[in-house]
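Structure data follow from my_file26.csv (CSV, N, CA and C atoms):
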chain,number,residue,atom,x,y,z
A,20,ILE,N,-42.8,1.6,98.1
A,20,ILE,CA,-42.2,0.3,98.2
A,20,ILE,C,-40.9,0.3,97.4
A,21,PRO,N,-39.8,0.1,98.1
A,21,PRO,CA,-38.5,0.1,97.3
A,21,PRO,C,-38.4,-1.1,96.4
A,22,MET,N,-37.9,-1.0,95.3
A,22,MET,CA,-37.7,-2.1,94.3
A,22,MET,C,-36.3,-2.0,93.8
A,23,TYR,N,-35.6,-3.2,93.7
A,23,TYR,CA,-34.3,-3.3,93.2
A,23,TYR,C,-34.2,-4.2,92.0
A,24,SER,N,-33.3,-3.9,91.1
A,24,SER,CA,-33.1,-4.8,90.0
A,24,SER,C,-31.6,-5.3,90.2
A,25,ALA,N,-31.5,-6.6,90.0
A,25,ALA,CA,-30.1,-7.2,90.1
A,25,ALA,C,-29.8,-8.0,88.9
A,26,LEU,N,-28.6,-7.9,88.5
A,26,LEU,CA,-28.0,-8.8,87.5
A,26,LEU,C,-27.5,-10.0,88.2
A,27,TRP,N,-28.4,-11.0,88.5
A,27,TRP,CA,-28.1,-12.0,89.4
A,27,TRP,C,-27.1,-13.0,88.9
A,28,TYR,N,-26.7,-12.9,87.6
A,28,TYR,CA,-25.7,-13.8,87.1
A,28,TYR,C,-24.3,-13.3,87.3
A,29,GLN,N,-24.2,-12.0,87.8
A,29,GLN,CA,-22.9,-11.5,88.1
A,29,GLN,C,-22.6,-11.8,89.6
A,30,ARG,N,-21.3,-11.8,89.9
A,30,ARG,CA,-20.9,-12.3,91.2
A,30,ARG,C,-21.4,-11.4,92.4
A,31,ARG,N,-21.4,-10.1,92.1
A,31,ARG,CA,-21.8,-9.2,93.2
A,31,ARG,C,-23.1,-8.5,92.9
A,32,VAL,N,-23.9,-8.4,94.0
A,32,VAL,CA,-25.2,-7.8,93.9
A,32,VAL,C,-25.2,-6.6,94.8
A,33,HIS,N,-25.2,-5.4,94.2
A,33,HIS,CA,-25.2,-4.1,94.9
A,33,HIS,C,-24.1,-3.9,95.9
A,34,GLY,N,-22.9,-4.5,95.6
A,34,GLY,CA,-21.7,-4.4,96.4
A,34,GLY,C,-22.0,-4.8,97.9
A,35,ASP,N,-21.3,-4.1,98.8
A,35,ASP,CA,-21.5,-4.4,100.2
A,35,ASP,C,-22.7,-3.8,100.8
A,36,ASN,N,-23.4,-2.9,100.1
A,36,ASN,CA,-24.6,-2.3,100.6
A,36,ASN,C,-25.9,-2.9,100.0
A,37,ARG,N,-25.8,-4.1,99.5
A,37,ARG,CA,-27.0,-4.7,98.9
A,37,ARG,C,-28.0,-4.9,100.0
A,38,PRO,N,-29.3,-4.8,99.6
A,38,PRO,CA,-30.4,-5.1,100.5
A,38,PRO,C,-30.4,-6.5,100.9
A,39,LYS,N,-30.9,-6.8,102.1
A,39,LYS,CA,-30.9,-8.2,102.6
A,39,LYS,C,-32.3,-8.7,102.9
A,40,ASP,N,-33.1,-7.8,103.4
A,40,ASP,CA,-34.4,-8.3,103.9
A,40,ASP,C,-35.6,-8.0,103.0
A,41,PHE,N,-35.5,-8.6,101.8
A,41,PHE,CA,-36.7,-8.5,100.9
A,41,PHE,C,-37.8,-9.3,101.5
A,42,ASP,N,-39.0,-8.8,101.4
A,42,ASP,CA,-40.2,-9.5,101.8
A,42,ASP,C,-40.7,-10.4,100.6
A,43,LEU,N,-40.5,-10.0,99.4
A,43,LEU,CA,-41.0,-10.7,98.3
A,43,LEU,C,-40.1,-10.6,97.1
A,44,ILE,N,-39.9,-11.7,96.4
A,44,ILE,CA,-39.1,-11.8,95.1
A,44,ILE,C,-40.0,-12.5,94.1
A,45,LEU,N,-40.2,-11.8,93.0
A,45,LEU,CA,-41.0,-12.4,91.9
A,45,LEU,C,-40.1,-12.7,90.7
A,46,GLY,N,-40.3,-13.8,90.0
A,46,GLY,CA,-39.6,-14.1,88.8
A,46,GLY,C,-40.4,-14.9,87.8
A,47,SER,N,-40.3,-14.5,86.6
A,47,SER,CA,-41.1,-15.2,85.5
A,47,SER,C,-40.2,-15.6,84.4
A,48,ASP,N,-40.3,-16.8,84.0
A,48,ASP,CA,-39.5,-17.4,82.9
A,48,ASP,C,-38.0,-17.1,83.0
A,49,ILE,N,-37.5,-17.3,84.2
A,49,ILE,CA,-36.0,-17.2,84.5
A,49,ILE,C,-35.3,-18.5,84.6
A,50,LEU,N,-36.0,-19.6,84.5
A,50,LEU,CA,-35.4,-20.9,84.6
A,50,LEU,C,-35.2,-21.5,83.3
A,51,TYR,N,-34.6,-20.8,82.3
A,51,TYR,CA,-34.6,-21.3,81.0
A,51,TYR,C,-33.2,-21.9,80.6
A,52,SER,N,-32.2,-21.7,81.5
A,52,SER,CA,-30.9,-22.3,81.2
A,52,SER,C,-30.3,-22.9,82.4
A,53,GLU,N,-30.0,-24.2,82.4
A,53,GLU,CA,-29.5,-24.9,83.5
A,53,GLU,C,-28.1,-24.3,84.0
A,54,THR,N,-27.4,-23.7,83.1
A,54,THR,CA,-26.1,-23.1,83.5
A,54,THR,C,-26.3,-21.9,84.4
A,55,LEU,N,-27.5,-21.3,84.5
A,55,LEU,CA,-27.8,-20.2,85.3
A,55,LEU,C,-28.5,-20.6,86.6
A,56,TYR,N,-28.8,-21.8,86.8
A,56,TYR,CA,-29.4,-22.3,88.0
A,56,TYR,C,-28.6,-22.0,89.3
A,57,LEU,N,-27.3,-22.4,89.3
A,57,LEU,CA,-26.5,-22.2,90.4
A,57,LEU,C,-26.3,-20.7,90.8
A,58,PRO,N,-26.0,-19.8,89.8
A,58,PRO,CA,-25.9,-18.4,90.1
A,58,PRO,C,-27.2,-17.8,90.7
A,59,LEU,N,-28.3,-18.3,90.2
A,59,LEU,CA,-29.6,-17.8,90.7
A,59,LEU,C,-29.8,-18.2,92.1
A,60,VAL,N,-29.5,-19.5,92.4
A,60,VAL,CA,-29.7,-19.9,93.8
A,60,VAL,C,-28.7,-19.2,94.7
A,61,GLN,N,-27.5,-19.0,94.3
A,61,GLN,CA,-26.5,-18.3,95.1
A,61,GLN,C,-27.0,-16.8,95.4
A,62,THR,N,-27.6,-16.2,94.4
A,62,THR,CA,-28.1,-14.8,94.6
A,62,THR,C,-29.3,-14.8,95.5
A,63,LEU,N,-30.2,-15.8,95.3
A,63,LEU,CA,-31.3,-15.9,96.3
A,63,LEU,C,-30.8,-16.1,97.7
A,64,ASP,N,-29.8,-16.9,97.8
A,64,ASP,CA,-29.3,-17.2,99.2
A,64,ASP,C,-28.7,-15.9,99.8
A,65,LYS,N,-28.1,-15.0,99.0
A,65,LYS,CA,-27.5,-13.8,99.5
A,65,LYS,C,-28.6,-12.7,99.8
A,66,VAL,N,-29.7,-12.7,99.1
A,66,VAL,CA,-30.6,-11.6,99.3
A,66,VAL,C,-31.9,-11.9,100.0
A,67,CYS,N,-32.0,-13.2,100.5
A,67,CYS,CA,-33.2,-13.6,101.2
A,67,CYS,C,-33.0,-13.7,102.6
A,68,SER,N,-34.0,-13.3,103.4
A,68,SER,CA,-33.9,-13.5,104.8
A,68,SER,C,-35.0,-14.6,105.2
A,69,ASP,N,-35.2,-14.8,106.5
A,69,ASP,CA,-36.2,-15.8,106.9
A,69,ASP,C,-37.6,-15.4,106.5
A,70,ILE,N,-37.9,-14.2,106.3
A,70,ILE,CA,-39.2,-13.7,106.0
A,70,ILE,C,-39.5,-13.6,104.5
A,71,THR,N,-38.5,-13.8,103.6
A,71,THR,CA,-38.6,-13.6,102.2
A,71,THR,C,-39.4,-14.7,101.6
A,72,GLU,N,-40.4,-14.3,100.7
A,72,GLU,CA,-41.2,-15.3,100.0
A,72,GLU,C,-40.8,-15.1,98.5
A,73,ILE,N,-40.5,-16.2,97.8
A,73,ILE,CA,-40.1,-16.2,96.4
A,73,ILE,C,-41.2,-16.9,95.6
A,74,PHE,N,-41.6,-16.2,94.5
A,74,PHE,CA,-42.6,-16.8,93.6
A,74,PHE,C,-42.0,-16.8,92.2
A,75,LEU,N,-41.9,-18.0,91.6
A,75,LEU,CA,-41.3,-18.2,90.3
A,75,LEU,C,-42.4,-18.8,89.4
A,76,ILE,N,-42.6,-18.2,88.2
A,76,ILE,CA,-43.5,-18.8,87.2
A,76,ILE,C,-42.6,-19.6,86.2
A,77,VAL,N,-43.0,-20.8,85.9
A,77,VAL,CA,-42.2,-21.6,85.0
A,77,VAL,C,-43.1,-22.1,83.9
A,78,PRO,N,-42.8,-21.9,82.7
A,78,PRO,CA,-43.7,-22.3,81.5
A,78,PRO,C,-43.8,-23.8,81.5
A,79,PRO,N,-44.7,-24.3,80.7
A,79,PRO,CA,-44.9,-25.8,80.6
A,79,PRO,C,-43.6,-26.4,79.9
A,80,LEU,N,-43.4,-27.7,80.3
A,80,LEU,CA,-42.4,-28.5,79.7
A,80,LEU,C,-41.0,-28.0,80.0
A,81,ARG,N,-40.8,-27.1,81.0
A,81,ARG,CA,-39.5,-26.7,81.4
A,81,ARG,C,-39.0,-27.5,82.5
A,82,PRO,N,-37.9,-28.3,82.3
A,82,PRO,CA,-37.4,-29.1,83.4
A,82,PRO,C,-36.7,-28.3,84.5
A,83,VAL,N,-37.1,-28.4,85.7
A,83,VAL,CA,-36.5,-27.6,86.8
A,83,VAL,C,-36.0,-28.4,88.0
A,84,GLU,N,-35.9,-29.7,87.8
A,84,GLU,CA,-35.5,-30.6,88.9
A,84,GLU,C,-34.2,-30.2,89.4
A,85,LYS,N,-33.2,-29.9,88.6
A,85,LYS,CA,-31.9,-29.5,89.0
A,85,LYS,C,-31.9,-28.2,89.8
A,86,PHE,N,-32.7,-27.2,89.4
A,86,PHE,CA,-32.8,-26.0,90.1
A,86,PHE,C,-33.4,-26.3,91.5
A,87,LEU,N,-34.4,-27.1,91.6
A,87,LEU,CA,-35.1,-27.4,92.9
A,87,LEU,C,-34.1,-28.1,93.8
A,88,LYS,N,-33.3,-29.0,93.3
A,88,LYS,CA,-32.3,-29.7,94.1
A,88,LYS,C,-31.3,-28.7,94.7
A,89,LEU,N,-30.8,-27.8,93.8
A,89,LEU,CA,-29.9,-26.8,94.3
A,89,LEU,C,-30.5,-25.9,95.3
A,90,ALA,N,-31.7,-25.5,95.1
A,90,ALA,CA,-32.4,-24.7,96.1
A,90,ALA,C,-32.5,-25.4,97.5
A,91,GLU,N,-32.9,-26.7,97.4
A,91,GLU,CA,-33.0,-27.4,98.7
A,91,GLU,C,-31.7,-27.6,99.4
A,92,GLU,N,-30.6,-27.8,98.6
A,92,GLU,CA,-29.3,-27.9,99.2
A,92,GLU,C,-28.8,-26.6,99.8
A,93,SER,N,-29.4,-25.5,99.3
A,93,SER,CA,-29.0,-24.2,99.9
A,93,SER,C,-29.9,-23.7,101.0
A,94,GLY,N,-30.8,-24.6,101.4
A,94,GLY,CA,-31.6,-24.3,102.6
A,94,GLY,C,-33.0,-23.8,102.3
A,95,PHE,N,-33.5,-24.0,101.1
A,95,PHE,CA,-34.9,-23.5,100.7
A,95,PHE,C,-35.8,-24.7,100.6
A,96,GLU,N,-37.1,-24.4,100.9
A,96,GLU,CA,-38.1,-25.4,100.7
A,96,GLU,C,-39.1,-24.8,99.7
A,97,TYR,N,-39.9,-25.6,99.1
A,97,TYR,CA,-40.8,-25.1,98.0
A,97,TYR,C,-42.1,-25.9,98.0
A,98,CYS,N,-43.1,-25.3,97.4
A,98,CYS,CA,-44.3,-26.0,97.0
A,98,CYS,C,-44.6,-25.5,95.6
A,99,VAL,N,-45.4,-26.3,94.9
A,99,VAL,CA,-45.8,-26.1,93.5
A,99,VAL,C,-47.3,-26.1,93.3
A,100,SER,N,-47.7,-25.1,92.6
A,100,SER,CA,-49.1,-25.0,92.1
A,100,SER,C,-49.2,-25.1,90.6
A,101,GLN,N,-50.2,-25.8,90.1
A,101,GLN,CA,-50.3,-25.9,88.7
A,101,GLN,C,-51.3,-24.8,88.2
A,102,LEU,N,-51.0,-24.1,87.2
A,102,LEU,CA,-51.9,-23.0,86.6
A,102,LEU,C,-52.2,-23.4,85.2
A,103,PRO,N,-53.4,-23.1,84.7
A,103,PRO,CA,-53.7,-23.5,83.3
A,103,PRO,C,-52.8,-22.7,82.4
A,104,PHE,N,-52.4,-23.4,81.3
A,104,PHE,CA,-51.6,-22.7,80.3
A,104,PHE,C,-52.5,-22.1,79.3
A,105,LEU,N,-52.5,-20.8,79.1
A,105,LEU,CA,-53.5,-20.1,78.3
A,105,LEU,C,-53.0,-19.5,77.0
A,106,LYS,N,-51.8,-19.8,76.7
A,106,LYS,CA,-51.2,-19.3,75.4
A,106,LYS,C,-51.8,-19.9,74.2
A,107,GLY,N,-52.4,-19.2,73.4
A,107,GLY,CA,-53.0,-19.7,72.1
A,107,GLY,C,-54.2,-20.5,72.4
A,108,SER,N,-54.7,-21.2,71.4
A,108,SER,CA,-55.9,-22.0,71.5
A,108,SER,C,-55.6,-23.4,71.0
A,109,SER,N,-54.4,-23.9,71.1
A,109,SER,CA,-54.0,-25.2,70.7
A,109,SER,C,-54.9,-26.3,71.4
A,110,ARG,N,-55.2,-27.3,70.7
A,110,ARG,CA,-56.0,-28.4,71.3
A,110,ARG,C,-55.2,-29.1,72.4
A,111,ASN,N,-53.9,-29.0,72.3
A,111,ASN,CA,-53.0,-29.7,73.3
A,111,ASN,C,-52.8,-28.8,74.6
A,112,SER,N,-53.2,-27.5,74.5
A,112,SER,CA,-52.9,-26.6,75.6
A,112,SER,C,-53.7,-26.9,76.8
A,113,SER,N,-54.8,-27.6,76.7
A,113,SER,CA,-55.6,-27.9,77.9
A,113,SER,C,-54.9,-28.9,78.8
A,114,ARG,N,-54.0,-29.7,78.2
A,114,ARG,CA,-53.2,-30.7,79.0
A,114,ARG,C,-51.9,-30.1,79.5
A,115,ARG,N,-51.6,-28.9,79.2
A,115,ARG,CA,-50.3,-28.3,79.6
A,115,ARG,C,-50.6,-27.3,80.7
A,116,THR,N,-49.7,-27.3,81.7
A,116,THR,CA,-49.9,-26.3,82.8
A,116,THR,C,-48.6,-25.5,83.0
A,117,THR,N,-48.8,-24.3,83.5
A,117,THR,CA,-47.7,-23.5,83.9
A,117,THR,C,-47.5,-23.8,85.4
A,118,LYS,N,-46.3,-23.8,85.9
A,118,LYS,CA,-46.1,-24.1,87.3
A,118,LYS,C,-45.7,-22.8,88.1
A,119,LEU,N,-46.3,-22.6,89.2
A,119,LEU,CA,-46.0,-21.5,90.1
A,119,LEU,C,-45.3,-22.2,91.3
A,120,PHE,N,-44.0,-21.8,91.5
A,120,PHE,CA,-43.2,-22.3,92.6
A,120,PHE,C,-43.1,-21.2,93.7
A,121,LYS,N,-43.4,-21.6,94.9
A,121,LYS,CA,-43.2,-20.7,96.1
A,121,LYS,C,-42.0,-21.3,96.9
A,122,LEU,N,-41.0,-20.5,97.0
A,122,LEU,CA,-39.8,-20.9,97.8
A,122,LEU,C,-39.7,-20.0,99.0
A,123,LYS,N,-39.1,-20.6,100.0
A,123,LYS,CA,-38.9,-19.9,101.3
A,123,LYS,C,-37.7,-20.7,102.0
A,124,ARG,N,-37.0,-19.9,102.8
A,124,ARG,CA,-36.0,-20.6,103.6
A,124,ARG,C,-36.6,-21.6,104.5
A,125,LYS,N,-35.9,-22.8,104.7
A,125,LYS,CA,-36.4,-23.8,105.6
A,125,LYS,C,-36.4,-23.3,107.0
A,126,SER,N,-37.5,-23.6,107.7
A,126,SER,CA,-37.6,-23.3,109.1
A,126,SER,C,-38.2,-24.4,109.8
A,127,THR,N,-37.7,-24.7,111.0
A,127,THR,CA,-38.2,-25.8,111.8
A,127,THR,C,-39.6,-25.4,112.5
A,128,SER,N,-39.9,-24.1,112.6
A,128,SER,CA,-41.1,-23.8,113.2
A,128,SER,C,-42.3,-23.5,112.3
A,129,ASP,N,-42.0,-23.2,111.0
A,129,ASP,CA,-43.0,-22.9,110.0
A,129,ASP,C,-43.1,-23.9,109.0
A,130,ASN,N,-44.3,-24.1,108.5
A,130,ASN,CA,-44.6,-24.9,107.3
A,130,ASN,C,-44.9,-24.1,106.1
A,131,ILE,N,-44.4,-24.4,104.9
A,131,ILE,CA,-44.7,-23.6,103.7
A,131,ILE,C,-46.1,-23.9,103.3
A,132,THR,N,-46.9,-22.9,102.9
A,132,THR,CA,-48.2,-23.2,102.4
A,132,THR,C,-48.5,-22.4,101.2
Would you mind writing the file's structure down as C-alpha cells?
Amino acid sequence: IPMYSALWYQRRVHGDNRPKDFDLILGSDILYSETLYLPLVQTLDKVCSDITEIFLIVPPLRPVEKFLKLAEESGFEYCVSQLPFLKGSSRNSSRRTTKLFKLKRKSTSDNIT
C-alpha cells in the first residue's frame, strides 16, 4: 500500500506529480489551530477524489465549527461519531467525548454513512 506524507500547510503538495486518488486519509489531533483550517481544507480538496474517505479524530473541547463550514463550502459532507474519552481517570472524563469525523466529497447519488 503506497503511503505519502504531505506538509499540508505548504502551498504545493508533491509538485505536479502529486497523487490524486487516495482511498483513505487519516488524521489525528490536526485541528488545533484555526489558522491552519483553510490550508488543510485546500489540501484535502487537491488530493481527494470522489472515492476518498477522510477520518479525523478530534480531542474533547476542541471547537471545529469553522473547519466544518470551510469543508462544506469546498464540497465535502461529514458525519460525526462520539467516542469515549479515555485519557486518565478524571471523574469528569466520563462526560467528555472524542469526536470522529468522517468526511467525503458531496455526491448526489451517495449518502454518507
Next on the checklist: Nearest residue to Ile49 of chain A out of A:Lys125, A:Val77, A:Leu102, A:Glu92, using all atoms listed in the file?
Outcome noted: A:Val77
Checklist entry - What residues in segment 65-112 of chain A get the DSSP label strand (DSSP E or B)? Please answer as number ranges by chain. => result A: 67-77, 95-103
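Compared by their closest atoms to Gly94 of chain A, and using only N, CA and C atoms, the residues A:Lys65, A:Thr54, A:Lys123, A:Val60 rank with A:Lys123 nearest.
The two atoms in question, atom CA of Leu57 of chain A and atom CA of Thr116 of chain A, are spaced 24.9 Å apart.
Nearest to Cys98 of chain A of all the residues A:Leu50, A:Leu119, A:Gln61, A:Phe74 is A:Leu119, counting all atoms listed in the file.
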Item to check | Selection near Glu72 of chain A, 8 Å with all atoms listed in the file, sequence-local residues under 2 positions removed, as a PyMOL selection string | outcome: chain A and resi 41-45+67-70+74-75+121-124
Checklist entry - How many Å lie between atom CA of Tyr97 of chain A and atom CA of Ser52 of chain A, rounded to one decimal? => result 19.7 Å
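Note that atom CA of Leu80 of chain A and atom C of Tyr51 of chain A are 11.4 Å apart.
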Centre and edges of the segment 82-86 of chain A box, axis-aligned, 6 Å extra per side, as lines of an AutoDock Vina configuration file:
center_x = -34.9
center_y = -28.3
center_z = 86.9
size_x = 18.0
size_y = 16.6
size_z = 21.2
Write down as a JSON list (two decimals) with N, CA and C atoms, in the coordinates of the input the residues belonging to segment 44-108 of chain A that are assigned alpha helix (DSSP H) by DSSP computed on the backbone.
[["chain", "number", "residue", "atom", "x", "y", "z"],
["A", 56, "TYR", "N", -28.80, -21.80, 86.80],
["A", 56, "TYR", "CA", -29.40, -22.30, 88.00],
["A", 56, "TYR", "C", -28.60, -22.00, 89.30],
["A", 57, "LEU", "N", -27.30, -22.40, 89.30],
["A", 57, "LEU", "CA", -26.50, -22.20, 90.40],
["A", 57, "LEU", "C", -26.30, -20.70, 90.80],
["A", 58, "PRO", "N", -26.00, -19.80, 89.80],
["A", 58, "PRO", "CA", -25.90, -18.40, 90.10],
["A", 58, "PRO", "C", -27.20, -17.80, 90.70],
["A", 59, "LEU", "N", -28.30, -18.30, 90.20],
["A", 59, "LEU", "CA", -29.60, -17.80, 90.70],
["A", 59, "LEU", "C", -29.80, -18.20, 92.10],
["A", 60, "VAL", "N", -29.50, -19.50, 92.40],
["A", 60, "VAL", "CA", -29.70, -19.90, 93.80],
["A", 60, "VAL", "C", -28.70, -19.20, 94.70],
["A", 61, "GLN", "N", -27.50, -19.00, 94.30],
["A", 61, "GLN", "CA", -26.50, -18.30, 95.10],
["A", 61, "GLN", "C", -27.00, -16.80, 95.40],
["A", 62, "THR", "N", -27.60, -16.20, 94.40],
["A", 62, "THR", "CA", -28.10, -14.80, 94.60],
["A", 62, "THR", "C", -29.30, -14.80, 95.50],
["A", 63, "LEU", "N", -30.20, -15.80, 95.30],
["A", 63, "LEU", "CA", -31.30, -15.90, 96.30],
["A", 63, "LEU", "C", -30.80, -16.10, 97.70],
["A", 64, "ASP", "N", -29.80, -16.90, 97.80],
["A", 64, "ASP", "CA", -29.30, -17.20, 99.20],
["A", 64, "ASP", "C", -28.70, -15.90, 99.80],
["A", 65, "LYS", "N", -28.10, -15.00, 99.00],
["A", 65, "LYS", "CA", -27.50, -13.80, 99.50],
["A", 65, "LYS", "C", -28.60, -12.70, 99.80],
["A", 66, "VAL", "N", -29.70, -12.70, 99.10],
["A", 66, "VAL", "CA", -30.60, -11.60, 99.30],
["A", 66, "VAL", "C", -31.90, -11.90, 100.00],
["A", 84, "GLU", "N", -35.90, -29.70, 87.80],
["A", 84, "GLU", "CA", -35.50, -30.60, 88.90],
["A", 84, "GLU", "C", -34.20, -30.20, 89.40],
["A", 85, "LYS", "N", -33.20, -29.90, 88.60],
["A", 85, "LYS", "CA", -31.90, -29.50, 89.00],
["A", 85, "LYS", "C", -31.90, -28.20, 89.80],
["A", 86, "PHE", "N", -32.70, -27.20, 89.40],
["A", 86, "PHE", "CA", -32.80, -26.00, 90.10],
["A", 86, "PHE", "C", -33.40, -26.30, 91.50],
["A", 87, "LEU", "N", -34.40, -27.10, 91.60],
["A", 87, "LEU", "CA", -35.10, -27.40, 92.90],
["A", 87, "LEU", "C", -34.10, -28.10, 93.80],
["A", 88, "LYS", "N", -33.30, -29.00, 93.30],
["A", 88, "LYS", "CA", -32.30, -29.70, 94.10],
["A", 88, "LYS", "C", -31.30, -28.70, 94.70],
["A", 89, "LEU", "N", -30.80, -27.80, 93.80],
["A", 89, "LEU", "CA", -29.90, -26.80, 94.30],
["A", 89, "LEU", "C", -30.50, -25.90, 95.30],
["A", 90, "ALA", "N", -31.70, -25.50, 95.10],
["A", 90, "ALA", "CA", -32.40, -24.70, 96.10],
["A", 90, "ALA", "C", -32.50, -25.40, 97.50],
["A", 91, "GLU", "N", -32.90, -26.70, 97.40],
["A", 91, "GLU", "CA", -33.00, -27.40, 98.70],
["A", 91, "GLU", "C", -31.70, -27.60, 99.40],
["A", 92, "GLU", "N", -30.60, -27.80, 98.60],
["A", 92, "GLU", "CA", -29.30, -27.90, 99.20],
["A", 92, "GLU", "C", -28.80, -26.60, 99.80]]
Checklist entry - Using only C-alpha atoms, can you list as a list of chain:residue names the residues within 8 Å of (-44.7, -23.9, 82.5)? => result A:Ile76, A:Val77, A:Pro78, A:Pro79, A:Leu80, A:Arg81, A:Phe104, A:Arg115, A:Thr116, A:Thr117, A:Lys118
Next on the checklist: Ranking A:Pro103, A:Pro82, A:Glu96, A:Lys88 by minimum distance to Ser126 of chain A and counting all atoms listed in the file, which one comes first?
Outcome noted: A:Glu96
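Here the question is which of A:Pro58, A:Glu84, A:Phe120, A:Gln101 gets nearest to Gly46 of chain A using only C-alpha atoms, and that residue is A:Phe120.
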If you keep N, CA, C and O atoms, can you output segment 83-96 of chain A as a compact mmCIF listing (two decimals), in the first residue's frame?
# COMPACT_ATOMS: atom_id res chain seq x y z
N VAL A 83 -14.52 23.04 16.30
CA VAL A 83 -14.20 22.74 14.91
C VAL A 83 -15.26 23.26 13.94
O VAL A 83 -15.21 22.93 12.76
N GLU A 84 -16.18 24.07 14.41
CA GLU A 84 -17.26 24.54 13.56
C GLU A 84 -16.73 25.28 12.32
O GLU A 84 -17.25 25.12 11.23
N LYS A 85 -15.71 26.10 12.51
CA LYS A 85 -15.14 26.85 11.38
C LYS A 85 -14.56 25.89 10.34
O LYS A 85 -14.75 26.07 9.14
N PHE A 86 -13.86 24.86 10.79
CA PHE A 86 -13.30 23.87 9.86
C PHE A 86 -14.42 23.18 9.09
O PHE A 86 -14.34 23.02 7.86
N LEU A 87 -15.47 22.77 9.78
CA LEU A 87 -16.57 22.07 9.12
C LEU A 87 -17.27 22.97 8.11
O LEU A 87 -17.65 22.51 7.03
N LYS A 88 -17.42 24.24 8.42
CA LYS A 88 -18.03 25.18 7.48
C LYS A 88 -17.17 25.32 6.22
O LYS A 88 -17.67 25.28 5.10
N LEU A 89 -15.84 25.44 6.42
CA LEU A 89 -14.94 25.53 5.27
C LEU A 89 -14.98 24.26 4.43
O LEU A 89 -14.96 24.32 3.19
N ALA A 90 -15.04 23.12 5.08
CA ALA A 90 -15.10 21.84 4.37
C ALA A 90 -16.39 21.75 3.54
O ALA A 90 -16.35 21.35 2.37
N GLU A 91 -17.51 22.14 4.13
CA GLU A 91 -18.77 22.13 3.39
C GLU A 91 -18.74 23.07 2.20
O GLU A 91 -19.20 22.72 1.11
N GLU A 92 -18.17 24.25 2.39
CA GLU A 92 -18.07 25.23 1.31
C GLU A 92 -17.17 24.72 0.18
O GLU A 92 -17.30 25.15 -0.96
N SER A 93 -16.27 23.79 0.50
CA SER A 93 -15.36 23.23 -0.51
C SER A 93 -15.90 21.94 -1.12
O SER A 93 -15.19 21.26 -1.85
N GLY A 94 -17.13 21.58 -0.78
CA GLY A 94 -17.76 20.43 -1.42
C GLY A 94 -17.68 19.13 -0.66
O GLY A 94 -17.88 18.06 -1.24
N PHE A 95 -17.40 19.19 0.64
CA PHE A 95 -17.35 17.99 1.46
C PHE A 95 -18.60 17.90 2.32
O PHE A 95 -19.18 18.92 2.71
N GLU A 96 -18.98 16.67 2.64
CA GLU A 96 -20.02 16.42 3.63
C GLU A 96 -19.38 15.62 4.74
O GLU A 96 -18.31 15.05 4.57
